[in-house]
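Enquirer: Before I ask anything, let me first share the structure, which is written out below as structure tokens.
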Amino acid sequence: MAAKPEITFRGHGVSPGVAWGRALKIDSQNRVMLRVEVADPESEVARFLKAVEMSKIQLQELKGRLEEKVGVEHGVILDAHFLILDDRVLREEIVERIRAQRANAEWAVTQATERLIAAYKSLEDEYFRERHSDIEHVAERILLNLSGDSAFGLGRLPEDVILVARDFNPSNFATMDLGRVRGLVLESGGRTSHTAILSRGLRLPAVMGLCDILASVSTGDLLLVNGDGGQVIVHPTHEHLENARRQKEALAAAAEAAGPMETAAATADGMALSLRANTELPHELTAAIACGAEGIGLYRSEFLFFAHPHGFPSMEEQRSVYSTLARAMSPHPVAIRTLDAGTERLGEGGERSTNPSMGLRGIRLSLALRDAFREQVEAIVRAGSDGNIEMLLPMVSTVEEIRQVKDLLAEVRSGLERAGIPAAPVPLGVMIEVPAAVLVLETLAREADFLCVGTNDLIQYVMAADRGNPAVDYLCQPLHPSVLACLGRIAEVSGRMGKPVRICGEISSNPFFAVLLVGMGFRQLSMTPLAIPAIRRALGKVSVAAARRVAERALTLATTGEVYDYLVPEVSCLVPIDLSPYEKEIRPSRHE
Amino acid sequence: MIRQTLMVANRLGLHAGAAAKLVRLASRYSSEVVLGREGANQRVDAKSILGVLMLAAGMGTRLVVSVEGEDEAEAAEAIRRLFEDRFGEVP
């Protein structure tokens with residue numbers, strides 16, 4: 001068979017590195033539609049029949065609720081679904097496909113229902129033609145129930161793959177088989193998407209923004225992904241693959257030559273710095289330790305929630321995760337940020353807001369869901385006896401929110417004391433990411449034990465511009481004078497009040513910006529674990545005095561472009577390391 | 001085997017609700033029940049909702065119903081009554 005012609009796609013390289021492997025396409029629900037040859041078809045048949053039984057129980061329940069709400073006659077709609085689930089012809093076809101093709105249940109269900117759907121779609125009568133959607137609903141439900149215990153979902157892949165999809169829900173990272181995923185290729189998304197940030201943290205080469213690549217790739221096609229250049233090659237030639245292999249080896253050699261980790265992070269003139277890791281997945285803990293992180297500066301707890309089947313992990317489940325983190329990092333601190341999500345992420349029951357980023361989210365949502373929040377607070381307090389745990393509140397905009405949390409903390413602590421359970425004191429930190437918080441910083445700082453700046457959100461809120469909206473993302477510039485003014489004020493106030501403060505945004509992993517932050521007076525930076533060695537090296541070349549001079553001058557400039565044009569050559573001069581790969585991250589997208 | 005030709009007399013035809021009744025009724029008997037449009041080759045299992053709906057039988061459609069098995073007499077009679085009863089549709 002002749003080799004298929006090579007096709008090259010160009011998008012945004014959002015996570016560096018080179019990877020190759022077989023494509024695995026996943027559908028809009030991020031389900032794997034992979035045909036796998038199974039060793040034991042009978043256990044697949046049993047799994048399928050169990051999914052059907054579960055679906056029937058759910059439908060029965062749903063029917064009861066529907067009839068209660070809108071009357072018995074409407075339950076008839078679900079009656080048809082019930083009978084489709086029970087349809088012996090369909091069931092026999094699926095079982096037959098599993099046995100004859102030794103296929104996984106998901107594959108057999110999809111194939112059989114797709115054939116039926118096509119047959120229904122060809123009917124002339126509109127009413128009967130429309131019944132194809134009933135089959136779709138039933139198939140959807142069976143697949144959903146199969147995914148719960150699938151041996152072949154994203155959680156357990158049979159071989160190394162490159163994932164190819166339109167979108168990718170970042171919560172998949174929590175459950176997918178990371179040992180098997182070599183790269184990520186998406187039609188949508190950009191550098192600052194959460195999926196991109198996580199890919200970088202996991203060292204997973206990723207290219208996004210590839211228009212129409214799905215149409216040209218089938219599951220099983222060989223792909224070559226270049227996360228540096230933003231290039232994806234479908235059916236790469238032998239020569240291209242060899243080049244990639246050599247490139248990867250050269251990178252590994254360079255990393256080794258960079259030498260072992262220095263002892264403690266400090267500036268050239270010996271000012272101690274604390275470089276910590278932002279993490280959310282268990283795998284990143286290993287990276288944090290390997291990269292010499294002096295603690296977890298930000299643990300995003302929402303991934304425990306998103307990955308949980310019911311949305312709310314129990315107190316015990318949470319405590320066990322927080323305790324693991326605390327023990328692994330001890331004696332360094334671990335800051336658990338409480339649930340930072342909007343209602344849109346917590347199931348269908350949530351309010352629909354036209355402006356979710358300004359809605360019920362972060363600490364606002366936690367205080368509204370007080371029972372669930374109390375569980376999280378208790379889990380954090382109890383984990384405190386296993387190491388150095390801190391609690392961090394997201395999206396605080398007013399001092400009352402801190403006071404309410406303190407009351408709840410006191411309640412939880414006295415409850416634990418009464419029960420004879422040890423409860424170590426847990427420092428309370430406040431995320432500064434809403435402009436209101438910057439304006440009343442002195443008041444907040446008096447109530448909190450420490451401050452933490454979430455630059456990703458702060459930039460969006462200060463500029464009133466959504467970084468996901470391409471029409472205004474040019475405003476979301478970390479080097480914008482308004483953003484720098486906010487950061488300058490935060491450094492000044494916390495310095496004056498002697499309140500510990502750290503920067504927890506993506507931006508602290510950029511050496512140019514890190515120099516600026518040190519110059520403003522920040523000494524604690526928290527970032528994606530793998531960025532720590534490079535930042536440690538860069539800051540080790542700069543004295544506090546030199547950094548301060550750079551920051552003072554940068555704060556006087558009028559536009560993002562002016563700041564960029566000043567900062568890049570100035571820092572490049574101070575730091576005798578090639579920083580050119582980092583320029584792209586802070587370059588204004590519309591250079592004035 | 002008992003074979004009879006029955007007409008779908010209800011206004012809505014053999015839609016989801018009527019089909020469900022037919023499937024449930026046929027499933028009560030051990031006999032095999034097969035349906036087809038009069039004069040057409042397509043045959044469907046009357047115990048399969050997806051089969052019955054696939055007939056797309058509107059009002060006035062004539063269906064050939066074949067019943068075969070131990071209880072074929074009772075089954076054929078019950079099915080005939082369901083058709084005559086217009087599947088319980090309120091006129």
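Following the order of the structure tokens, chains are lettered A, B, ..., residues in each are numbered from 1, and ligands are numbered from 1.
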Show me, as a list of chain:residue names, the residues of chain B whose atoms get within 8 Å of chain A, using only C-alpha atoms for the distance check.

Expert: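 Close enough to count are B:His15, B:Ala16, B:Gly17, B:Ala20, B:Asp45, B:Lys47, B:Ser48, B:Ile49, B:Leu50, B:Gly51, B:Leu53, B:Met54, B:Ala56.
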
Enquirer: Which polymer residues have any atom within 6 Å of an atom of segment 77-90 of chain B, counting only C-alpha atoms, with same-chain residues fewer than 4 positions away left out, as a PyMOL selection string?

Expert: chain B and resi 9-10+18

Enquirer: Any chance you could list, as an MDAnalysis selection string, the residues in segment 67-194 of chain A that come up strand (DSSP E) when DSSP is run on the backbone?

Expert: chainID A and resid 161:165 181:186

Enquirer: Show which residues sit within 7 Å of Ser66 of chain B, as a PyMOL selection string. Count only C-alpha atoms, and ignore same-chain residues fewer than 5 positions away.

Expert: chain B and resi 1-4+33-35

Enquirer: Just the residues within 6 Å of Leu275 of chain A, please, counting only C-alpha atoms, with nothing from its chain fewer than 2 positions along; format it as a PDB file with C-alpha atoms, in the first residue's frame.

Expert:
```pdb
ATOM      1  CA  ALA A 293       9.661  24.112  44.631  1.00  0.00           C
ATOM      2  CA  GLU A 294       9.690  25.506  48.172  1.00  0.00           C
ATOM      3  CA  GLN A 524       7.518  34.936  46.711  1.00  0.00           C
ATOM      4  CA  LEU A 525       6.555  33.717  43.261  1.00  0.00           C
ATOM      5  CA  SER A 526       4.425  30.695  42.540  1.00  0.00           C
TER       6      SER A 526
END
```

Enquirer: Extract, using only C-alpha atoms, all DNA, RNA and protein residues at most 10 Å from Ala437 of chain A, discarding same-chain residues fewer than 3 positions from it, and format them as a list in words.

Expert: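 Within the cut-off, the hits are Met395, Val396, Ser397, Thr398, Val399, Val430, Met431, Ile432, Glu433, Val434, Val440, Leu441, Glu442, Thr443, Leu444, Ala445, Leu458 and Ile490 of chain A.
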
Enquirer: Applying 8 Å and only C-alpha atoms, which residues near Leu55 of chain B remain after dropping the ones on its own chain fewer than 2 positions away? List them as number ranges by chain.

Expert: B: 36-37, 44, 51-53, 57

Enquirer: Which polymer residues have any atom within 10 Å of an atom of Met391 of chain A, counting only C-alpha atoms, with same-chain residues fewer than 5 positions away left out, as a PyMOL selection string?

Expert: chain A and resi 298-299+334-338+377+380-381+384+426-430+449-450

Enquirer: Run DSSP on the backbone and give me the residues of chain B it puts in alpha helix (DSSP H), as a ChimeraX atom specification.

Expert: /B:16-27,49-54,72-84

Enquirer: I need the residues from that last selection saved to file as a JSON list (two decimals), in the first residue's frame (with N, CA and C atoms), if you can.

Expert:
```json
[["chain", "number", "residue", "atom", "x", "y", "z"],
["B", 16, "ALA", "N", -45.60, 6.58, 18.80],
["B", 16, "ALA", "CA", -44.86, 5.99, 19.92],
["B", 16, "ALA", "C", -45.77, 5.37, 20.97],
["B", 17, "GLY", "N", -46.84, 6.08, 21.35],
["B", 17, "GLY", "CA", -47.71, 5.58, 22.41],
["B", 17, "GLY", "C", -48.42, 4.29, 21.99],
["B", 18, "ALA", "N", -48.97, 4.28, 20.75],
["B", 18, "ALA", "CA", -49.68, 3.10, 20.26],
["B", 18, "ALA", "C", -48.70, 1.95, 20.06],
["B", 19, "ALA", "N", -47.52, 2.26, 19.52],
["B", 19, "ALA", "CA", -46.52, 1.23, 19.28],
["B", 19, "ALA", "C", -46.10, 0.59, 20.60],
["B", 20, "ALA", "N", -45.97, 1.44, 21.63],
["B", 20, "ALA", "CA", -45.57, 0.92, 22.94],
["B", 20, "ALA", "C", -46.60, -0.08, 23.44],
["B", 21, "LYS", "N", -47.89, 0.25, 23.25],
["B", 21, "LYS", "CA", -48.95, -0.67, 23.70],
["B", 21, "LYS", "C", -48.87, -2.00, 22.95],
["B", 22, "LEU", "N", -48.64, -1.90, 21.64],
["B", 22, "LEU", "CA", -48.56, -3.11, 20.83],
["B", 22, "LEU", "C", -47.38, -3.99, 21.26],
["B", 23, "VAL", "N", -46.22, -3.33, 21.48],
["B", 23, "VAL", "CA", -45.02, -4.07, 21.86],
["B", 23, "VAL", "C", -45.23, -4.75, 23.21],
["B", 24, "ARG", "N", -45.82, -4.00, 24.15],
["B", 24, "ARG", "CA", -46.03, -4.58, 25.49],
["B", 24, "ARG", "C", -46.98, -5.77, 25.42],
["B", 25, "LEU", "N", -48.04, -5.60, 24.60],
["B", 25, "LEU", "CA", -49.03, -6.67, 24.49],
["B", 25, "LEU", "C", -48.39, -7.91, 23.86],
["B", 26, "ALA", "N", -47.70, -7.73, 22.73],
["B", 26, "ALA", "CA", -47.10, -8.86, 22.03],
["B", 26, "ALA", "C", -46.08, -9.57, 22.92],
["B", 27, "SER", "N", -45.38, -8.79, 23.74],
["B", 27, "SER", "CA", -44.34, -9.38, 24.58],
["B", 27, "SER", "C", -44.91, -10.28, 25.67],
["B", 49, "ILE", "N", -39.86, -2.17, 19.66],
["B", 49, "ILE", "CA", -40.43, -0.84, 19.41],
["B", 49, "ILE", "C", -39.77, -0.19, 18.20],
["B", 50, "LEU", "N", -38.45, -0.42, 18.05],
["B", 50, "LEU", "CA", -37.76, 0.21, 16.92],
["B", 50, "LEU", "C", -38.21, -0.40, 15.60],
["B", 51, "GLY", "N", -38.58, -1.68, 15.65],
["B", 51, "GLY", "CA", -39.12, -2.32, 14.45],
["B", 51, "GLY", "C", -40.49, -1.76, 14.11],
["B", 52, "VAL", "N", -41.36, -1.68, 15.11],
["B", 52, "VAL", "CA", -42.73, -1.22, 14.87],
["B", 52, "VAL", "C", -42.76, 0.23, 14.36],
["B", 53, "LEU", "N", -41.95, 1.08, 15.00],
["B", 53, "LEU", "CA", -41.93, 2.49, 14.57],
["B", 53, "LEU", "C", -41.37, 2.64, 13.16],
["B", 54, "MET", "N", -40.46, 1.73, 12.80],
["B", 54, "MET", "CA", -39.83, 1.78, 11.49],
["B", 54, "MET", "C", -40.86, 1.57, 10.36],
["B", 72, "GLU", "N", -50.69, -18.83, 20.12],
["B", 72, "GLU", "CA", -50.97, -17.93, 18.98],
["B", 72, "GLU", "C", -52.43, -17.50, 18.91],
["B", 73, "ALA", "N", -53.35, -18.36, 19.31],
["B", 73, "ALA", "CA", -54.77, -17.99, 19.21],
["B", 73, "ALA", "C", -55.09, -16.81, 20.12],
["B", 74, "GLU", "N", -54.63, -16.91, 21.39],
["B", 74, "GLU", "CA", -54.90, -15.82, 22.34],
["B", 74, "GLU", "C", -54.21, -14.54, 21.89],
["B", 75, "ALA", "N", -52.93, -14.70, 21.43],
["B", 75, "ALA", "CA", -52.16, -13.53, 21.05],
["B", 75, "ALA", "C", -52.82, -12.82, 19.87],
["B", 76, "ALA", "N", -53.22, -13.59, 18.85],
["B", 76, "ALA", "CA", -53.81, -12.99, 17.66],
["B", 76, "ALA", "C", -55.10, -12.25, 18.01],
["B", 77, "GLU", "N", -55.87, -12.86, 18.91],
["B", 77, "GLU", "CA", -57.14, -12.26, 19.32],
["B", 77, "GLU", "C", -56.90, -10.95, 20.08],
["B", 78, "ALA", "N", -55.92, -10.98, 20.99],
["B", 78, "ALA", "CA", -55.63, -9.79, 21.79],
["B", 78, "ALA", "C", -55.15, -8.65, 20.90],
["B", 79, "ILE", "N", -54.32, -8.99, 19.92],
["B", 79, "ILE", "CA", -53.78, -7.96, 19.03],
["B", 79, "ILE", "C", -54.91, -7.38, 18.15],
["B", 80, "ARG", "N", -55.79, -8.25, 17.70],
["B", 80, "ARG", "CA", -56.90, -7.78, 16.88],
["B", 80, "ARG", "C", -57.75, -6.78, 17.68],
["B", 81, "ARG", "N", -57.99, -7.12, 18.96],
["B", 81, "ARG", "CA", -58.80, -6.23, 19.79],
["B", 81, "ARG", "C", -58.12, -4.88, 19.99],
["B", 82, "LEU", "N", -56.80, -4.93, 20.15],
["B", 82, "LEU", "CA", -56.06, -3.66, 20.35],
["B", 82, "LEU", "C", -56.22, -2.76, 19.12],
["B", 83, "PHE", "N", -56.12, -3.34, 17.92],
["B", 83, "PHE", "CA", -56.30, -2.55, 16.70],
["B", 83, "PHE", "C", -57.72, -2.00, 16.63],
["B", 84, "GLU", "N", -58.71, -2.88, 16.95],
["B", 84, "GLU", "CA", -60.10, -2.44, 16.87],
["B", 84, "GLU", "C", -60.41, -1.37, 17.89]]
```
